[in-house]
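Printed here is entry-v5.txt (compact mmCIF, C-alpha atoms):
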# COMPACT_ATOMS: atom_id res chain seq x y z
CA MET A 210 -11.37 21.67 -11.96
CA ARG A 211 -8.80 20.21 -9.60
CA TYR A 212 -6.14 17.73 -10.66
CA ILE A 213 -6.55 14.02 -9.88
CA THR A 214 -3.23 12.79 -8.46
CA PHE A 215 -1.73 9.33 -9.04
CA ALA A 216 1.01 7.82 -6.85
CA LEU A 217 2.88 5.18 -8.85
CA SER A 218 5.35 2.62 -7.52
CA LYS A 219 8.85 3.31 -8.81
CA GLY A 220 10.46 0.67 -11.02
CA ARG A 221 8.88 -2.07 -13.09
CA LEU A 222 5.32 -1.28 -11.98
CA THR A 223 5.60 2.22 -13.48
CA GLU A 224 6.35 0.91 -16.98
CA LEU A 225 3.50 -1.59 -16.81
CA SER A 226 1.13 1.06 -15.40
CA ILE A 227 1.89 3.56 -18.20
CA GLU A 228 0.51 1.15 -20.81
CA LEU A 229 -2.82 0.87 -18.97
CA LEU A 230 -3.04 4.61 -18.31
CA GLU A 231 -2.41 5.43 -21.97
CA GLY A 232 -5.02 2.86 -22.97
CA ALA A 233 -7.48 4.77 -20.76
CA GLY A 234 -6.75 7.99 -22.70
CA ILE A 235 -4.29 9.56 -20.23
CA ASP A 236 -1.27 11.36 -21.66
CA CYS A 237 1.87 9.90 -20.05
CA THR A 238 4.42 11.81 -22.18
CA GLU A 239 5.98 13.56 -19.17
CA LEU A 240 6.00 10.31 -17.23
CA LYS A 241 8.05 8.62 -19.96
CA GLU A 242 10.66 11.38 -20.15
CA ASP A 243 13.94 11.02 -18.29
CA SER A 244 13.27 13.94 -15.97
CA ARG A 245 14.19 14.96 -12.42
CA LYS A 246 10.82 16.60 -11.91
CA LEU A 247 9.01 15.12 -8.92
CA ILE A 248 5.49 15.90 -10.11
CA LEU A 249 4.53 15.21 -13.74
CA SER A 250 1.26 16.10 -15.37
CA ASP A 251 -1.24 15.58 -18.14
CA ASP A 252 -2.69 19.11 -18.18
CA LYS A 253 -5.37 18.35 -20.75
CA ASN A 254 -7.00 15.70 -18.55
CA LYS A 255 -6.08 17.49 -15.29
CA ILE A 256 -4.09 14.53 -13.98
CA ARG A 257 -0.83 14.63 -12.03
CA PHE A 258 1.59 11.80 -11.27
CA PHE A 259 4.41 11.27 -8.85
CA LEU A 260 6.66 8.26 -8.32
CA ALA A 261 7.21 6.87 -4.83
CA LYS A 262 8.78 3.87 -3.14
CA PRO A 263 6.19 1.06 -3.18
CA ALA A 264 5.82 1.06 0.64
CA ASP A 265 5.00 4.80 0.56
CA VAL A 266 2.24 4.61 -2.10
CA PRO A 267 -0.52 3.40 0.30
CA VAL A 268 0.51 6.12 2.79
CA TYR A 269 0.13 8.91 0.20
CA VAL A 270 -3.25 7.52 -0.85
CA GLU A 271 -4.62 6.97 2.65
CA TYR A 272 -3.76 10.55 3.68
CA GLY A 273 -5.20 12.01 0.47
CA ALA A 274 -1.90 13.36 -0.91
CA ALA A 275 -2.72 11.09 -3.87
CA ASP A 276 -6.24 10.18 -5.00
CA ILE A 277 -5.23 6.95 -6.73
CA GLY A 278 -2.29 4.60 -6.32
CA ILE A 279 -0.87 1.60 -8.18
CA VAL A 280 1.03 -0.80 -5.94
CA GLY A 281 1.65 -4.50 -5.32
CA LYS A 282 -0.76 -6.48 -3.13
CA ASP A 283 2.26 -7.51 -0.98
CA THR A 284 2.73 -3.86 0.04
CA LEU A 285 -1.00 -3.43 0.74
CA ILE A 286 -1.09 -6.47 3.05
CA GLU A 287 2.08 -5.36 4.84
CA GLU A 288 0.97 -1.74 5.26
CA GLY A 289 -2.68 -2.46 6.16
CA ARG A 290 -3.90 1.02 5.16
CA ASP A 291 -7.53 2.19 5.00
CA LEU A 292 -8.17 2.39 1.23
CA TYR A 293 -10.52 1.19 -1.47
CA GLU A 294 -8.86 -1.56 -3.49
CA VAL A 295 -10.70 -1.14 -6.79
CA LEU A 296 -8.87 -3.23 -9.42
CA ASP A 297 -6.60 -6.24 -9.68
CA LEU A 298 -4.42 -5.12 -12.61
CA GLY A 299 -3.17 -8.65 -13.19
CA PHE A 300 0.50 -7.88 -13.83
CA ALA A 301 3.58 -8.39 -11.59
CA ARG A 302 2.08 -11.71 -10.49
CA CYS A 303 3.80 -13.81 -7.84
CA ARG A 304 3.02 -15.52 -4.52
CA MET A 305 3.74 -14.65 -0.90
CA CYS A 306 5.13 -17.89 0.52
CA VAL A 307 6.68 -19.57 3.51
CA ALA A 308 9.84 -21.30 2.32
CA GLY A 309 12.58 -23.31 3.97
CA PRO A 310 14.95 -26.30 3.62
CA LYS A 311 13.69 -29.30 1.64
CA GLU A 312 13.73 -31.51 4.75
CA LEU A 313 10.84 -29.44 6.19
CA GLU A 314 8.59 -30.24 3.22
CA GLY A 315 5.34 -31.79 4.47
CA LYS A 316 6.53 -31.57 8.07
CA MET A 317 5.47 -28.02 8.93
CA ASP A 318 2.80 -29.30 11.34
CA SER A 319 5.17 -31.53 13.29
CA VAL A 320 8.16 -29.19 13.72
CA SER A 321 8.23 -26.11 15.87
CA ILE A 322 9.35 -22.94 14.13
CA THR A 323 11.00 -20.40 16.41
CA ARG A 324 12.47 -17.79 14.05
CA VAL A 325 11.25 -16.44 10.71
CA ALA A 326 13.25 -14.07 8.49
CA THR A 327 11.38 -11.74 6.13
CA LYS A 328 11.05 -8.35 4.47
CA TYR A 329 7.34 -8.51 5.42
CA PRO A 330 7.14 -8.65 9.25
CA GLU A 331 3.40 -7.88 9.43
CA VAL A 332 2.49 -10.54 6.85
CA ALA A 333 4.66 -13.13 8.65
CA ARG A 334 3.34 -12.21 12.11
CA THR A 335 -0.30 -12.43 11.00
CA TYR A 336 0.24 -15.76 9.24
CA PHE A 337 1.99 -17.46 12.15
CA ARG A 338 -0.29 -15.96 14.80
CA HIS A 339 -3.66 -16.53 13.12
CA LYS A 340 -3.21 -19.38 10.65
CA ARG A 341 -0.69 -21.50 12.54
CA ARG A 342 -1.37 -20.23 16.06
CA GLU A 343 2.36 -20.15 16.74
CA SER A 344 4.39 -17.54 18.54
CA VAL A 345 7.57 -16.96 16.55
CA GLU A 346 10.36 -14.41 16.56
CA ILE A 347 10.22 -12.31 13.37
CA ILE A 348 13.58 -11.10 12.05
CA LYS A 349 13.29 -8.27 9.52
CA LEU A 350 15.84 -8.31 6.71
CA SER A 351 16.33 -5.91 3.80
CA GLY A 352 18.48 -8.02 1.48
CA SER A 353 18.45 -11.64 0.24
CA VAL A 354 16.11 -13.35 2.68
CA GLU A 355 17.02 -16.78 1.23
CA LEU A 356 20.34 -16.57 3.03
CA ALA A 357 18.76 -16.74 6.51
CA PRO A 358 18.00 -20.51 6.68
CA LEU A 359 21.34 -21.32 5.01
CA VAL A 360 23.37 -19.65 7.77
CA GLY A 361 21.09 -20.64 10.65
CA LEU A 362 19.52 -17.22 11.28
CA SER A 363 16.01 -18.69 10.94
CA GLU A 364 14.33 -22.02 10.16
CA VAL A 365 12.06 -20.55 7.49
CA ILE A 366 11.46 -17.35 5.53
CA VAL A 367 8.39 -15.46 4.31
CA ASP A 368 9.03 -13.91 0.91
CA LEU A 369 7.72 -13.30 -2.60
CA VAL A 370 8.23 -16.17 -5.03
CA GLU A 371 7.96 -15.55 -8.75
CA THR A 372 9.59 -18.51 -10.52
CA GLY A 373 11.09 -20.29 -7.50
CA ARG A 374 14.48 -20.44 -9.20
CA THR A 375 16.41 -18.66 -6.41
CA LEU A 376 14.87 -21.02 -3.84
CA LYS A 377 15.73 -24.08 -5.91
CA GLU A 378 19.33 -23.00 -6.48
CA ASN A 379 19.77 -22.65 -2.73
CA GLY A 380 18.12 -25.93 -1.73
CA LEU A 381 14.94 -24.29 -0.45
CA VAL A 382 11.30 -25.13 -1.26
CA VAL A 383 7.90 -23.50 -0.83
CA LEU A 384 6.27 -24.88 2.33
CA ASP A 385 3.00 -22.93 2.14
CA THR A 386 1.41 -20.17 0.05
CA ILE A 387 0.08 -17.27 2.11
CA SER A 388 -1.43 -15.21 -0.70
CA GLU A 389 -1.51 -14.57 -4.44
CA ILE A 390 0.09 -11.24 -5.31
CA SER A 391 -0.31 -8.83 -8.25
CA ALA A 392 -0.47 -5.08 -8.89
CA ARG A 393 -3.59 -3.36 -7.55
CA MET A 394 -5.24 0.00 -8.04
CA VAL A 395 -6.28 1.74 -4.82
CA VAL A 396 -8.30 4.90 -4.21
CA ASN A 397 -8.53 7.32 -1.28
CA ARG A 398 -11.92 6.97 0.43
CA VAL A 399 -12.75 10.71 0.45
CA SER A 400 -11.59 11.17 -3.18
CA MET A 401 -13.91 8.34 -4.22
CA LYS A 402 -16.88 10.34 -2.86
CA MET A 403 -15.78 13.84 -3.95
CA GLU A 404 -14.50 12.93 -7.44
CA ASN A 405 -16.62 9.84 -8.04
CA GLN A 406 -17.46 10.56 -11.66
CA ARG A 407 -13.90 11.27 -12.82
CA ILE A 408 -12.29 8.47 -10.84
CA THR A 409 -14.94 5.95 -11.96
CA LYS A 410 -14.25 6.96 -15.59
CA ILE A 411 -10.52 6.25 -15.10
CA ILE A 412 -11.27 2.90 -13.39
CA GLU A 413 -13.58 1.87 -16.23
CA GLY A 414 -11.03 2.93 -18.86
CA ILE A 415 -8.47 0.65 -17.24
CA ARG A 416 -10.90 -2.20 -16.51
CA LYS A 417 -11.80 -2.46 -20.22
CA GLN A 418 -8.19 -3.40 -21.00
CA LEU A 419 -7.86 -6.14 -18.38

Hey, can you dump this file as structure tokens for me?
Amino acid sequence: MRYITFALSKGRLTELSIELLEGAGIDCTELKEDSRKLILSDDKNKIRFFLAKPADVPVYVEYGAADIGIVGKDTLIEEGRDLYEVLDLGFARCRMCVAGPKELEGKMDSVSITRVATKYPEVARTYFRHKRRESVEIIKLSGSVELAPLVGLSEVIVDLVETGRTLKENGLVVLDTISEISARMVVNRVSMKMENQRITKIIEGIRKQL
């Protein structure tokens, strides 16, 4: 029997995922150890795990290097990969929002936005092109996106908002919500056909806990 391989997002999502996996009867002992091993396994259940940067998880799953992945919906929208999204795991909840200075509140339809700063260029481009029918310049940033409107780099930003505290402390407000975000479980399309029984059993084991 071949191993079923999981790609897990490094960081907070891993810890939250372990709880669900253990609840579904998967042994995560190796996953919890402080190890430099890149591939960890539960030999009894023939399951392997590896940790990857969130943006890489959908890539590993789409190409079949992993059968199953756990990753944030924000990454899935940004990457646009061809996968089955099978479960909303309900944790790591936040919103993908357009935010900007307080004076733009309620005026989004009457002002013209020319530049948008974001870590999510695809999400921003799709939103402004299809929902607002506006052609804007998208500026990709890696660090604190909230800085952009404060120093005049862009009028607005597209970013994840959890509590809104950072926005508030910097005089920014949410102008529109693009999408609700949480951790999702995704499956490779071929794996779903070839290993349907085993993968469905894992999905059901996790679904029962949600």

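Using only C-alpha atoms for every distance, the candidate list A:Lys255, A:Arg211, A:Leu381, A:Leu225 yields A:Leu225 as the residue closest to Lys241 (chain A).
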
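For the pair CA of Ile279 (chain A) and CA of Leu350 (chain A), the separation is 24.5 Å.
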
- [ ] Please identify all polymer residues within 10 Å of region 216-221 of chain A, counting only C-alpha atoms, omitting same-chain residues fewer than 2 positions from it, and present them as a ChimeraX atom specification.
- [x] /A:214,223-227,248,257-270,274-281,301,392,394-395

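With all atoms listed in the file as the basis for measurement, A:Val332 is the residue among A:Val332, A:Ile412, A:Ile348, A:Ile213 that approaches Ile387 (chain A) most closely.
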
TODO: Pick out the closest residue to Leu359 (chain A) from this set: A:Leu376, A:Met305, A:Ile322, A:Val396. Count only C-alpha atoms.
DONE: A:Leu376

Task: Top pick for closest residue to Ser363 (chain A), considering A:Leu240, A:Val383, A:Val345, A:Ala326 and counting all atoms listed in the file - done: A:Ala326

Open item on the list: Can you tell me which residues surround Arg324 (chain A) at a distance of at most 12 Å, considering all atoms listed in the file, apart from same-chain residues fewer than 2 positions away, and format the answer as JSON, numbers by chain?
Closed with: {"A": [309, 321, 322, 326, 327, 330, 333, 334, 337, 343, 344, 345, 346, 347, 348, 349, 357, 358, 361, 362, 363, 364, 365, 366, 367]}

TODO: Could you tell me how far CA of Glu242 (chain A) lies from CA of Arg393 (chain A), in Å and to one decimal?
DONE: 24.1 Å

Padding 4 Å on every side, please: axis-aligned box over the listed atoms of region 312-331 of chain A, centre and edge lengths to one decimal in Å, as AutoDock Vina command-line options.
--center_x 8.3 --center_y -19.8 --center_z 9.8 --size_x 18.9 --size_y 31.9 --size_z 21.2

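Ranking A:Glu271, A:Glu312, A:Val325, A:Gln418 by their shortest atom-to-atom distance to Tyr293 (chain A), with only C-alpha atoms included, puts A:Glu271 first.
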
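Closest approach to Ala308 (chain A) among A:Leu230, A:Lys410, A:Val354, A:Ser400: A:Val354, based on all atoms listed in the file.
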
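With CA of Asp385 (chain A) on one side and CA of Lys316 (chain A) on the other, the separation reads 11.1 Å.
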
Pick out the residues sitting within 9 Å of Lys282 (chain A), and hand them over as a PDB file with C-alpha atoms, in the frame of the given file; count only C-alpha atoms, and ignore anything fewer than 4 positions along from it in its own chain.
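Output below, filename selection.pdb:
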ATOM      1  CA  ILE A 286      -1.090  -6.470   3.050  1.00  0.00           C
ATOM      2  CA  GLU A 287       2.080  -5.360   4.840  1.00  0.00           C
ATOM      3  CA  ASP A 297      -6.600  -6.240  -9.680  1.00  0.00           C
ATOM      4  CA  GLU A 389      -1.510 -14.570  -4.440  1.00  0.00           C
ATOM      5  CA  ILE A 390       0.090 -11.240  -5.310  1.00  0.00           C
ATOM      6  CA  SER A 391      -0.310  -8.830  -8.250  1.00  0.00           C
ATOM      7  CA  ALA A 392      -0.470  -5.080  -8.890  1.00  0.00           C
ATOM      8  CA  ARG A 393      -3.590  -3.360  -7.550  1.00  0.00           C
TER       9      ARG A 393
END

TODO: Write out as a list in words each polymer residue whose atoms come within 9 Å of region 413-415 of chain A, counting all atoms listed in the file; drop sequence neighbours fewer than 3 positions from it.
DONE: Leu229, Leu230, Gly232, Ala233, Gly234, Leu296, Leu298, Ile408, Thr409, Lys410, Gln418 and Leu419 of chain A

Could you give me, as a CSV table (one decimal) with C-alpha atoms, in the coordinates of the input, the residues within 9 Å of region 377-379 of chain A, counting only C-alpha atoms and dropping anything in the same chain fewer than 5 positions from it?
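As a result, out.csv now contains:
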chain,number,residue,atom,x,y,z
A,310,PRO,CA,15.0,-26.3,3.6
A,355,GLU,CA,17.0,-16.8,1.2
A,356,LEU,CA,20.3,-16.6,3.0
A,359,LEU,CA,21.3,-21.3,5.0

Just add N, CA and C atoms to region 238-253 of chain A and send it as a compact mmCIF listing (two decimals), in the frame of the given file.
# COMPACT_ATOMS: atom_id res chain seq x y z
N THR A 238 3.18 11.33 -21.54
CA THR A 238 4.42 11.81 -22.18
C THR A 238 5.45 12.24 -21.14
N GLU A 239 5.03 13.08 -20.19
CA GLU A 239 5.98 13.56 -19.17
C GLU A 239 6.51 12.42 -18.31
N LEU A 240 5.64 11.45 -18.07
CA LEU A 240 6.00 10.31 -17.23
C LEU A 240 7.08 9.45 -17.89
N LYS A 241 7.09 9.47 -19.22
CA LYS A 241 8.05 8.62 -19.96
C LYS A 241 9.39 9.32 -20.19
N GLU A 242 9.40 10.64 -19.94
CA GLU A 242 10.66 11.38 -20.15
C GLU A 242 11.63 11.13 -19.01
N ASP A 243 12.92 11.20 -19.32
CA ASP A 243 13.94 11.02 -18.29
C ASP A 243 14.12 12.37 -17.60
N SER A 244 13.29 12.61 -16.59
CA SER A 244 13.27 13.94 -15.97
C SER A 244 13.52 13.83 -14.46
N ARG A 245 14.01 14.93 -13.88
CA ARG A 245 14.19 14.96 -12.42
C ARG A 245 13.01 15.63 -11.72
N LYS A 246 12.00 15.99 -12.51
CA LYS A 246 10.82 16.60 -11.91
C LYS A 246 10.13 15.59 -11.01
N LEU A 247 9.65 16.04 -9.87
CA LEU A 247 9.01 15.12 -8.92
C LEU A 247 7.53 14.95 -9.22
N ILE A 248 6.91 16.00 -9.77
CA ILE A 248 5.49 15.90 -10.11
C ILE A 248 5.33 16.13 -11.60
N LEU A 249 4.70 15.17 -12.27
CA LEU A 249 4.53 15.21 -13.74
C LEU A 249 3.04 15.33 -14.02
N SER A 250 2.70 15.92 -15.17
CA SER A 250 1.26 16.10 -15.37
C SER A 250 0.79 15.89 -16.80
N ASP A 251 -0.51 15.62 -16.88
CA ASP A 251 -1.24 15.58 -18.14
C ASP A 251 -2.26 16.72 -17.97
N ASP A 252 -1.87 17.92 -18.44
CA ASP A 252 -2.69 19.11 -18.18
C ASP A 252 -4.06 19.06 -18.85
N LYS A 253 -4.10 18.42 -20.01
CA LYS A 253 -5.37 18.35 -20.75
C LYS A 253 -6.44 17.61 -19.92
